[in-house]
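Listing of protein_9.cif; format and content: mmCIF, C-alpha atoms and all ligand atoms.
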data_work
loop_
_atom_site.label_atom_id
_atom_site.label_comp_id
_atom_site.auth_asym_id
_atom_site.auth_seq_id
_atom_site.Cartn_x
_atom_site.Cartn_y
_atom_site.Cartn_z
CA MET A 1 107.79 -138.33 -30.76
CA ARG A 2 111.03 -136.46 -31.26
CA ARG A 3 114.34 -138.16 -31.00
CA ARG A 4 117.62 -136.46 -30.40
CA LYS A 5 118.92 -135.33 -33.72
CA LEU A 6 122.31 -136.10 -35.15
CA THR A 7 124.62 -133.31 -36.24
CA ILE A 8 124.60 -132.43 -39.93
CA GLU A 9 127.98 -134.09 -40.39
CA GLN A 10 126.74 -137.24 -38.68
CA TYR A 11 123.67 -137.33 -40.87
CA ILE A 12 125.79 -137.02 -43.97
CA ASN A 13 128.25 -139.72 -42.97
CA GLU A 14 125.58 -142.09 -41.74
CA ILE A 15 123.41 -141.68 -44.82
CA LYS A 16 126.38 -142.17 -47.11
CA SER A 17 127.24 -145.37 -45.31
CA GLY A 18 123.69 -146.60 -45.86
CA ASN A 19 122.37 -146.22 -42.31
CA ARG A 20 118.61 -146.64 -42.74
CA PHE A 21 117.78 -145.06 -39.44
CA ALA A 22 119.63 -141.85 -40.33
CA LEU A 23 117.99 -141.95 -43.76
CA SER A 24 114.52 -142.25 -42.24
CA GLN A 25 115.22 -139.43 -39.83
CA ALA A 26 116.47 -137.16 -42.58
CA ILE A 27 113.35 -137.84 -44.64
CA THR A 28 111.26 -137.06 -41.57
CA LEU A 29 113.08 -133.74 -41.23
CA ALA A 30 112.37 -132.96 -44.88
CA GLU A 31 108.70 -133.74 -44.27
CA SER A 32 108.47 -131.66 -41.13
CA ARG A 33 106.51 -128.45 -41.05
CA LEU A 34 108.96 -126.85 -38.69
CA PHE A 35 111.21 -124.32 -40.32
CA GLU A 36 114.15 -125.46 -38.22
CA ASP A 37 113.79 -129.10 -39.33
CA GLN A 38 113.40 -128.09 -42.93
CA SER A 39 116.51 -125.99 -42.91
CA ILE A 40 118.51 -128.89 -41.46
CA ALA A 41 117.09 -131.14 -44.18
CA LYS A 42 117.97 -128.56 -46.81
CA GLU A 43 121.53 -128.42 -45.60
CA ILE A 44 121.89 -132.20 -45.50
CA ILE A 45 120.47 -132.56 -49.00
CA GLY A 46 122.63 -129.73 -50.29
CA LYS A 47 125.76 -131.40 -49.01
CA LEU A 48 124.74 -134.79 -50.35
CA LEU A 49 123.76 -133.51 -53.78
CA ALA A 50 126.98 -134.68 -55.44
CA THR A 51 126.19 -138.27 -54.44
CA THR A 52 122.64 -138.22 -55.84
CA GLY A 53 121.19 -138.85 -59.27
CA ASN A 54 122.81 -142.20 -59.92
CA SER A 55 119.70 -144.30 -59.85
CA ILE A 56 116.98 -145.46 -62.15
CA ARG A 57 113.81 -143.73 -61.00
CA ILE A 58 110.70 -145.69 -61.89
CA GLY A 59 107.16 -144.39 -61.47
CA ILE A 60 104.39 -146.96 -61.16
CA THR A 61 100.71 -146.14 -61.28
CA GLY A 62 97.40 -147.96 -61.58
CA VAL A 63 93.95 -148.02 -60.04
CA PRO A 64 93.54 -149.51 -56.55
CA GLY A 65 93.44 -153.30 -56.81
CA VAL A 66 95.35 -153.51 -60.09
CA GLY A 67 98.19 -155.19 -58.20
CA LYS A 68 100.73 -152.42 -57.56
CA SER A 69 101.96 -153.71 -54.23
CA THR A 70 102.07 -157.32 -55.40
CA PHE A 71 103.97 -156.18 -58.48
CA ILE A 72 106.44 -153.99 -56.60
CA ASP A 73 107.04 -156.72 -54.05
CA GLN A 74 108.03 -159.24 -56.75
CA PHE A 75 109.71 -156.73 -58.99
CA GLY A 76 111.80 -155.38 -56.13
CA ILE A 77 113.04 -158.87 -55.29
CA LEU A 78 113.90 -159.42 -58.95
CA LEU A 79 115.99 -156.25 -58.96
CA ILE A 80 117.73 -157.13 -55.73
CA LYS A 81 118.62 -160.52 -57.19
CA SER A 82 120.20 -158.64 -60.10
CA GLY A 83 122.36 -156.73 -57.63
CA PHE A 84 120.37 -153.54 -57.12
CA LYS A 85 119.30 -151.80 -53.93
CA VAL A 86 115.68 -150.76 -54.10
CA ALA A 87 113.80 -147.94 -52.38
CA VAL A 88 110.02 -147.63 -52.61
CA LEU A 89 108.33 -144.26 -52.06
CA SER A 90 104.80 -143.18 -52.72
CA VAL A 91 102.73 -140.17 -53.65
CA ASP A 92 99.28 -140.70 -52.29
CA PRO A 93 96.63 -138.04 -52.81
CA SER A 94 94.08 -139.90 -50.70
CA SER A 95 96.27 -139.86 -47.63
CA GLN A 96 95.90 -136.10 -47.35
CA GLN A 97 92.36 -136.43 -46.16
CA SER A 98 92.21 -139.84 -44.61
CA LYS A 99 95.72 -140.12 -43.21
CA GLY A 100 95.08 -143.83 -43.57
CA SER A 101 97.37 -144.34 -46.47
CA ILE A 102 96.73 -147.13 -48.92
CA LEU A 103 100.19 -146.85 -50.38
CA GLY A 104 103.65 -147.27 -48.97
CA ASP A 105 102.31 -149.61 -46.37
CA LYS A 106 104.97 -152.14 -45.51
CA THR A 107 102.50 -154.94 -44.96
CA ARG A 108 101.55 -154.67 -48.60
CA MET A 109 105.02 -155.78 -49.64
CA ASN A 110 105.85 -158.75 -47.53
CA GLN A 111 109.02 -160.02 -49.11
CA LEU A 112 110.51 -156.65 -49.91
CA SER A 113 109.85 -155.07 -46.55
CA LEU A 114 111.91 -157.77 -44.86
CA HIS A 115 114.81 -157.55 -47.26
CA PRO A 116 117.96 -155.75 -46.08
CA GLU A 117 118.62 -154.40 -49.59
CA ALA A 118 115.20 -152.71 -49.75
CA TYR A 119 113.90 -149.57 -48.14
CA ILE A 120 110.17 -148.84 -48.05
CA ARG A 121 109.03 -145.45 -46.89
CA PRO A 122 105.39 -144.95 -45.93
CA THR A 123 103.65 -142.03 -47.56
CA ALA A 124 104.07 -138.55 -46.24
CA THR A 125 100.72 -137.32 -45.00
CA GLY A 126 99.06 -134.16 -43.88
CA SER A 127 100.24 -131.92 -46.64
CA HIS A 128 98.89 -130.72 -49.96
CA LEU A 129 99.98 -132.46 -53.14
CA GLY A 130 102.61 -129.83 -53.95
CA GLY A 131 104.15 -130.41 -50.54
CA VAL A 132 104.05 -134.18 -50.92
CA ALA A 133 105.76 -133.85 -54.30
CA GLN A 134 108.53 -131.74 -52.82
CA GLN A 135 109.02 -134.21 -49.95
CA THR A 136 109.09 -137.17 -52.30
CA ARG A 137 111.71 -135.53 -54.51
CA GLU A 138 113.85 -134.88 -51.48
CA ALA A 139 113.33 -138.46 -50.30
CA ILE A 140 114.51 -139.67 -53.72
CA LEU A 141 117.74 -137.70 -53.34
CA LEU A 142 118.31 -138.94 -49.81
CA CYS A 143 117.72 -142.57 -50.86
CA GLU A 144 120.17 -142.15 -53.72
CA ALA A 145 122.77 -140.74 -51.37
CA ALA A 146 122.21 -143.80 -49.17
CA GLY A 147 123.11 -146.05 -52.10
CA TYR A 148 119.71 -147.10 -53.43
CA ASN A 149 120.12 -147.36 -57.18
CA VAL A 150 116.57 -148.14 -58.18
CA ILE A 151 113.91 -145.85 -56.76
CA ILE A 152 110.31 -146.86 -57.28
CA VAL A 153 107.69 -144.16 -56.76
CA GLU A 154 104.17 -145.52 -56.74
CA THR A 155 100.91 -143.65 -56.94
CA VAL A 156 97.23 -144.44 -57.27
CA GLY A 157 95.82 -143.82 -60.70
CA VAL A 158 93.65 -140.88 -59.82
CA GLY A 159 93.89 -137.21 -60.53
CA GLN A 160 97.01 -135.15 -60.57
CA SER A 161 99.37 -137.47 -58.80
CA GLU A 162 100.50 -139.27 -61.97
CA THR A 163 101.68 -136.02 -63.46
CA ILE A 164 103.69 -135.32 -60.37
CA VAL A 165 105.28 -138.77 -60.35
CA ARG A 166 105.90 -138.56 -64.09
CA HIS A 167 107.89 -135.41 -63.45
CA MET A 168 110.18 -137.02 -60.93
CA THR A 169 110.93 -140.36 -62.59
CA ASP A 170 112.89 -141.61 -65.61
CA PHE A 171 110.45 -144.31 -66.55
CA PHE A 172 106.72 -144.39 -66.06
CA LEU A 173 104.92 -147.72 -65.91
CA LEU A 174 101.18 -147.94 -66.07
CA LEU A 175 99.62 -151.09 -64.63
CA MET A 176 96.26 -152.06 -66.07
CA LEU A 177 93.77 -154.88 -66.16
CA GLY A 178 92.49 -156.75 -69.18
CA GLY A 179 88.80 -157.25 -69.77
CA ALA A 180 87.70 -154.59 -67.38
CA GLY A 181 84.74 -153.31 -69.38
CA ASP A 182 85.62 -150.20 -71.29
CA GLU A 183 88.87 -150.84 -73.09
CA LEU A 184 90.43 -147.71 -71.79
CA GLN A 185 88.98 -148.14 -68.32
CA GLY A 186 87.99 -144.52 -68.18
CA MET A 187 91.67 -143.93 -68.54
CA LYS A 188 92.37 -140.42 -69.57
CA ARG A 189 94.26 -140.32 -72.79
CA GLY A 190 96.79 -138.09 -71.09
CA ILE A 191 97.83 -140.79 -68.65
CA MET A 192 98.46 -143.28 -71.41
CA GLU A 193 100.41 -140.66 -73.21
CA MET A 194 102.66 -140.26 -70.20
CA ALA A 195 103.48 -143.95 -69.98
CA ASP A 196 106.76 -145.45 -71.16
CA ALA A 197 105.25 -148.91 -70.80
CA LEU A 198 101.88 -150.43 -70.07
CA ALA A 199 101.61 -153.74 -68.28
CA ILE A 200 98.36 -155.67 -68.24
CA ASN A 201 98.55 -157.39 -64.88
CA LYS A 202 96.71 -160.50 -63.69
CA ALA A 203 97.37 -162.21 -67.02
CA ASP A 204 96.90 -165.58 -65.39
CA GLY A 205 94.26 -168.32 -65.22
CA ASN A 206 91.07 -167.36 -67.00
CA ASN A 207 92.24 -163.81 -67.43
CA ARG A 208 95.03 -164.65 -69.81
CA ASP A 209 93.07 -164.31 -73.05
CA GLU A 210 91.45 -161.07 -72.00
CA ALA A 211 94.87 -159.72 -71.10
CA LEU A 212 96.29 -160.59 -74.50
CA LYS A 213 93.31 -158.98 -76.18
CA ALA A 214 93.75 -155.84 -74.12
CA LYS A 215 97.45 -155.83 -74.99
CA ARG A 216 96.65 -155.74 -78.71
CA ASN A 217 94.11 -152.96 -78.21
CA TYR A 218 96.52 -150.85 -76.25
CA GLU A 219 99.27 -151.45 -78.77
CA GLN A 220 97.00 -150.03 -81.42
CA ALA A 221 96.07 -147.07 -79.24
CA LEU A 222 99.73 -146.31 -78.55
CA HIS A 223 100.47 -146.27 -82.26
CA LEU A 224 98.37 -143.14 -82.50
CA PHE A 225 100.75 -141.18 -80.31
CA PRO A 226 103.62 -139.48 -82.04
CA PRO A 227 107.09 -140.79 -81.11
CA THR A 228 109.34 -138.71 -78.87
CA LYS A 229 112.79 -137.91 -80.18
CA GLY A 230 115.52 -139.95 -78.50
CA ARG A 231 113.07 -142.06 -76.50
CA LEU A 232 112.28 -145.72 -77.16
CA ASN A 233 108.66 -146.10 -78.17
CA PRO A 234 106.40 -147.28 -75.36
CA LYS A 235 105.66 -150.97 -75.17
CA VAL A 236 102.76 -153.04 -73.88
CA PHE A 237 103.35 -156.12 -71.74
CA THR A 238 101.23 -158.70 -70.01
CA CYS A 239 102.29 -160.00 -66.63
CA SER A 240 101.17 -161.78 -63.54
CA ALA A 241 102.57 -160.23 -60.41
CA LEU A 242 101.00 -163.01 -58.39
CA GLU A 243 102.67 -165.79 -60.37
CA ASN A 244 105.79 -163.77 -61.03
CA GLN A 245 105.41 -164.00 -64.80
CA GLY A 246 106.54 -161.39 -67.29
CA LEU A 247 108.30 -159.13 -64.80
CA SER A 248 111.81 -159.77 -66.04
CA GLU A 249 110.75 -158.78 -69.56
CA ILE A 250 109.56 -155.44 -68.20
CA TRP A 251 112.84 -154.94 -66.36
CA THR A 252 114.82 -155.77 -69.51
CA PHE A 253 112.83 -153.15 -71.37
CA ILE A 254 113.43 -150.55 -68.67
CA ARG A 255 117.17 -151.18 -68.83
CA ARG A 256 117.10 -150.91 -72.60
CA PHE A 257 115.00 -147.74 -72.39
CA ILE A 258 117.46 -146.12 -69.96
CA ASP A 259 120.56 -147.21 -71.91
CA HIS A 260 119.06 -145.98 -75.15
CA GLY A 261 118.07 -142.70 -73.52
CA LYS A 262 121.59 -142.21 -72.27
CA GLU A 263 122.99 -142.80 -75.75
CA THR A 264 120.61 -140.34 -77.38
CA LYS A 265 120.90 -137.84 -74.46
CA TYR A 266 117.14 -138.09 -73.94
CA PHE A 267 117.75 -139.29 -70.39
CA ARG A 268 119.74 -136.21 -69.46
CA LEU A 269 117.42 -133.83 -71.25
CA HIS A 270 114.41 -135.39 -69.55
CA ARG A 271 115.95 -134.92 -66.11
CA GLN A 272 116.92 -131.35 -66.94
CA GLN A 273 113.37 -130.62 -68.04
CA GLN A 274 112.13 -132.06 -64.78
CA GLN A 275 114.45 -129.82 -62.78
CA GLN A 276 113.15 -126.86 -64.68
CA TYR A 277 109.56 -127.95 -64.17
CA TRP A 278 110.06 -128.11 -60.40
CA LEU A 279 111.83 -124.79 -60.32
CA ASN A 280 108.83 -123.22 -62.03
CA GLU A 281 106.42 -125.08 -59.81
CA LEU A 282 108.10 -123.86 -56.66
CA ILE A 283 108.21 -120.28 -57.89
CA ASN A 284 104.54 -120.43 -58.83
CA ARG A 285 103.57 -121.91 -55.51
CA GLN A 286 105.55 -119.41 -53.49
CA LEU A 287 104.32 -116.45 -55.49
CA THR A 288 100.72 -117.56 -55.18
CA GLN A 289 101.11 -117.99 -51.47
CA ASP A 290 102.71 -114.55 -51.09
CA PHE A 291 100.03 -112.99 -53.22
CA PHE A 292 97.10 -114.29 -51.22
CA GLN A 293 98.76 -113.51 -47.92
CA GLN A 294 99.44 -109.89 -48.72
CA GLU A 295 97.39 -107.48 -46.65
CA ALA A 296 96.16 -105.34 -49.56
CA ILE A 297 95.04 -108.40 -51.49
CA ARG A 298 93.23 -109.86 -48.52
CA LYS A 299 91.30 -106.63 -48.16
CA MET A 300 90.41 -106.24 -51.83
CA LEU A 301 89.76 -109.85 -52.77
CA PRO A 302 86.25 -110.47 -51.39
CA GLN A 303 84.74 -107.46 -53.18
CA ILE A 304 86.48 -108.18 -56.45
CA GLN A 305 85.40 -111.81 -56.27
CA GLN A 306 81.84 -110.70 -55.70
CA ASP A 307 81.95 -108.19 -58.57
CA VAL A 308 83.34 -110.83 -60.91
CA MET A 309 80.65 -113.31 -59.88
CA ASP A 310 77.99 -110.63 -60.45
CA SER A 311 79.50 -109.84 -63.84
CA LYS A 312 80.16 -106.25 -62.81
CA LEU A 313 83.80 -106.86 -63.54
CA THR A 314 85.47 -109.22 -65.99
CA PRO A 315 87.85 -111.80 -64.50
CA ARG A 316 90.63 -110.18 -66.47
CA GLU A 317 89.95 -106.74 -65.05
CA GLY A 318 89.63 -108.16 -61.55
CA ALA A 319 92.96 -109.94 -61.84
CA GLU A 320 94.64 -106.84 -63.21
CA ARG A 321 93.44 -104.70 -60.33
CA LEU A 322 94.64 -107.20 -57.79
CA LEU A 323 98.01 -107.66 -59.44
CA LYS A 324 98.49 -103.93 -59.64
CA ALA A 325 97.81 -103.63 -55.93
CA TYR A 326 100.18 -106.53 -55.27
CA ARG A 327 103.02 -104.92 -57.17
CA ASN A 328 102.68 -101.57 -55.41
P1 LIG A 401 97.10 -152.45 -55.35
O1 LIG A 401 95.89 -151.89 -54.66
O2 LIG A 401 97.22 -151.90 -56.73
O3 LIG A 401 98.35 -152.30 -54.57
O4 LIG A 401 96.83 -154.03 -55.54
P2 LIG A 401 97.33 -155.27 -54.69
O5 LIG A 401 98.74 -155.61 -55.03
O6 LIG A 401 97.00 -155.06 -53.26
O7 LIG A 401 96.43 -156.43 -55.30
C1 LIG A 401 95.02 -156.43 -55.20
C2 LIG A 401 94.54 -157.89 -55.28
O8 LIG A 401 94.85 -158.44 -56.53
C3 LIG A 401 95.18 -158.80 -54.24
O9 LIG A 401 94.21 -159.70 -53.78
C4 LIG A 401 96.25 -159.53 -55.02
O10 LIG A 401 96.55 -160.80 -54.51
C5 LIG A 401 95.61 -159.63 -56.39
N1 LIG A 401 96.64 -159.68 -57.45
C6 LIG A 401 97.70 -158.87 -57.60
N2 LIG A 401 98.41 -159.22 -58.70
C7 LIG A 401 97.77 -160.29 -59.25
C8 LIG A 401 98.02 -161.09 -60.40
O11 LIG A 401 98.99 -160.94 -61.14
N3 LIG A 401 97.11 -162.08 -60.65
C9 LIG A 401 96.02 -162.30 -59.87
N4 LIG A 401 95.19 -163.27 -60.20
N5 LIG A 401 95.77 -161.54 -58.77
C10 LIG A 401 96.64 -160.57 -58.46
#
Would you mind writing the file's structure down as structure tokens?
Amino acid sequence: MRRRKLTIEQYINEIKSGNRFALSQAITLAESRLFEDQSIAKEIIGKLLATTGNSIRIGITGVPGVGKSTFIDQFGILLIKSGFKVAVLSVDPSSQQSKGSILGDKTRMNQLSLHPEAYIRPTATGSHLGGVAQQTREAILLCEAAGYNVIIVETVGVGQSETIVRHMTDFFLLLMLGGAGDELQGMKRGIMEMADALAINKADGNNRDEALKAKRNYEQALHLFPPTKGRLNPKVFTCSALENQGLSEIWTFIRRFIDHGKETKYFRLHRQQQQQYWLNELINRQLTQDFFQQEAIRKMLPQIQQDVMDSKLTPREGAERLLKAYRN
């Protein structure tokens, strides 16, 4: 389904005035595989760049069922009541295969999806994770230009997607459950290390004690990580998204974290590092793509792969031969 497109100027004016339809269309252009659409999106984003960046970008992750959508639904309403406009985006690795996304589904956030001050964008599908990351970063910029001043990017707690979300947000919140067997819930140390706060959700009814116990355990685990200069130390919370308990404490901490980071310049440095990270990522991705598409490489690769597998050639030698051919 392709609608008639607006002119670039119209897109820019409509997005700036907060027109959600124009915003959605621009994000769709940025997600498109068509070169023509992408170049329009690039131009729109380029011209809107000066109006971007003025939001608090919050990443939220956790295993399926931990309560992400319930949390974001309540949390989003809390922020709106404090005067913010909230956009919710998602990075969903599972949607690449299934197309049936489990994130970014409006029906998962009943209150927020109906609210005029909220914008929920279903997950981009049909692309590899690098592509989804790029699209989500562009969607963040477009939402900021449209006046959303808190951007929530959610992701399922599996695989690489947390790293990607971590690299596009100012604050990373890890939702967890208390009393779920293994204290660290198979959680890779690296993910905990990335978090600016942990929230043990479902701290209600019979779960309350387990949640408090888990909180203490995680507090101890976090102590083992070295502090980061200029950044407030991560904190552990308990909350109940369902009963709307403990969410305002998390929001207060996020505000304090951001304010503190702005004072110490950590906030700015962190965003600059992220820009640099994405620059490198894009260069790497493009170079890799170019490399494997080159005629000479395509011809040589199967034999070299075979020789390396048969130990007739070391991986290092194989790579050197290929790179030499690529450069010539
Ligand atoms: P998601 O898969 O991480 O998005 O999790 P959902 O938000 O869909 O929640 C999964 C289930 O847990 C739903 O049945 C929710 O009603 C329930 N749930 C979410 N938050 C809480 C909570 O704070 N307390 C309790 N008891 N249940 C919750």
- Please provide the set of residues having any atom within 12 Å of Ser24 in chain A, restricted to only C-alpha atoms, with same-chain residues fewer than 6 positions apart removed, written as a VMD selection string. chain A and resid 3 5 11 14 to 15 18 30 to 31 41 87 89 119 to 122 124 138 to 140 142 to 143 146
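Comparing A:Phe75, A:Val132, A:Arg327, A:Tyr148 by their smallest distance to Leu23 in chain A, the closest is A:Tyr148 (using only C-alpha atoms).
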Write as a short mmCIF file (atom, residue, chain, number, x, y, z; two decimals) with C-alpha atoms, keeping the file's coordinate frame the residues around ligand LIG 401 (chain A), taking 7 Å as the cut-off and counting all atoms listed in the file.
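Below is the file pocket26.cif, written as the result:
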data_model
loop_
_atom_site.label_atom_id
_atom_site.label_comp_id
_atom_site.auth_asym_id
_atom_site.auth_seq_id
_atom_site.Cartn_x
_atom_site.Cartn_y
_atom_site.Cartn_z
CA GLY A 62 97.40 -147.96 -61.58
CA VAL A 63 93.95 -148.02 -60.04
CA PRO A 64 93.54 -149.51 -56.55
CA GLY A 65 93.44 -153.30 -56.81
CA VAL A 66 95.35 -153.51 -60.09
CA GLY A 67 98.19 -155.19 -58.20
CA LYS A 68 100.73 -152.42 -57.56
CA SER A 69 101.96 -153.71 -54.23
CA THR A 70 102.07 -157.32 -55.40
CA PHE A 71 103.97 -156.18 -58.48
CA ARG A 108 101.55 -154.67 -48.60
CA ASN A 201 98.55 -157.39 -64.88
CA LYS A 202 96.71 -160.50 -63.69
CA ALA A 203 97.37 -162.21 -67.02
CA ASP A 204 96.90 -165.58 -65.39
CA CYS A 239 102.29 -160.00 -66.63
CA SER A 240 101.17 -161.78 -63.54
CA ALA A 241 102.57 -160.23 -60.41
CA LEU A 242 101.00 -163.01 -58.39
CA GLU A 243 102.67 -165.79 -60.37
#
- Item | CA of Ser82 in chain A to CA of Asn149 in chain A, distance in Å rounded to a single decimal |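 According to the coordinates, CA of Ser82 in chain A and CA of Asn149 in chain A are separated by 11.7 Å.
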- Selected residue of minimal separation from Asn284 in chain A among A:Gly130, A:Tyr326, A:Glu144, A:Glu249, counting all atoms listed in the file: A:Gly130
For range 199-212 of chain A, what centre and edge lengths in Å (one decimal) does the axis-aligned box get once 5 Å is added on each side of all its listed atoms, as AutoDock Vina command-line options?
--center_x 96.3 --center_y -161.0 --center_z -69.1 --size_x 20.5 --size_y 24.6 --size_z 20.8
- Query: Pick the closest to Phe253 in chain A from A:Met176, A:Met192, A:Leu198, A:Leu48: which is it, counting only C-alpha atoms?
  - Reply: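 Closest candidate: A:Leu198.
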- Which residue of A:Asp92, A:Glu320, A:Glu117, A:Glu43 approaches Val153 in chain A most closely, using all atoms listed in the file: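 Using all atoms listed in the file, the shortest distance to Val153 in chain A belongs to A:Asp92.
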- Gap from CA of Gln25 in chain A to CA of Val165 in chain A - Å, one decimal: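 Pair CA of Gln25 in chain A / CA of Val165 in chain A returns 22.8 Å.
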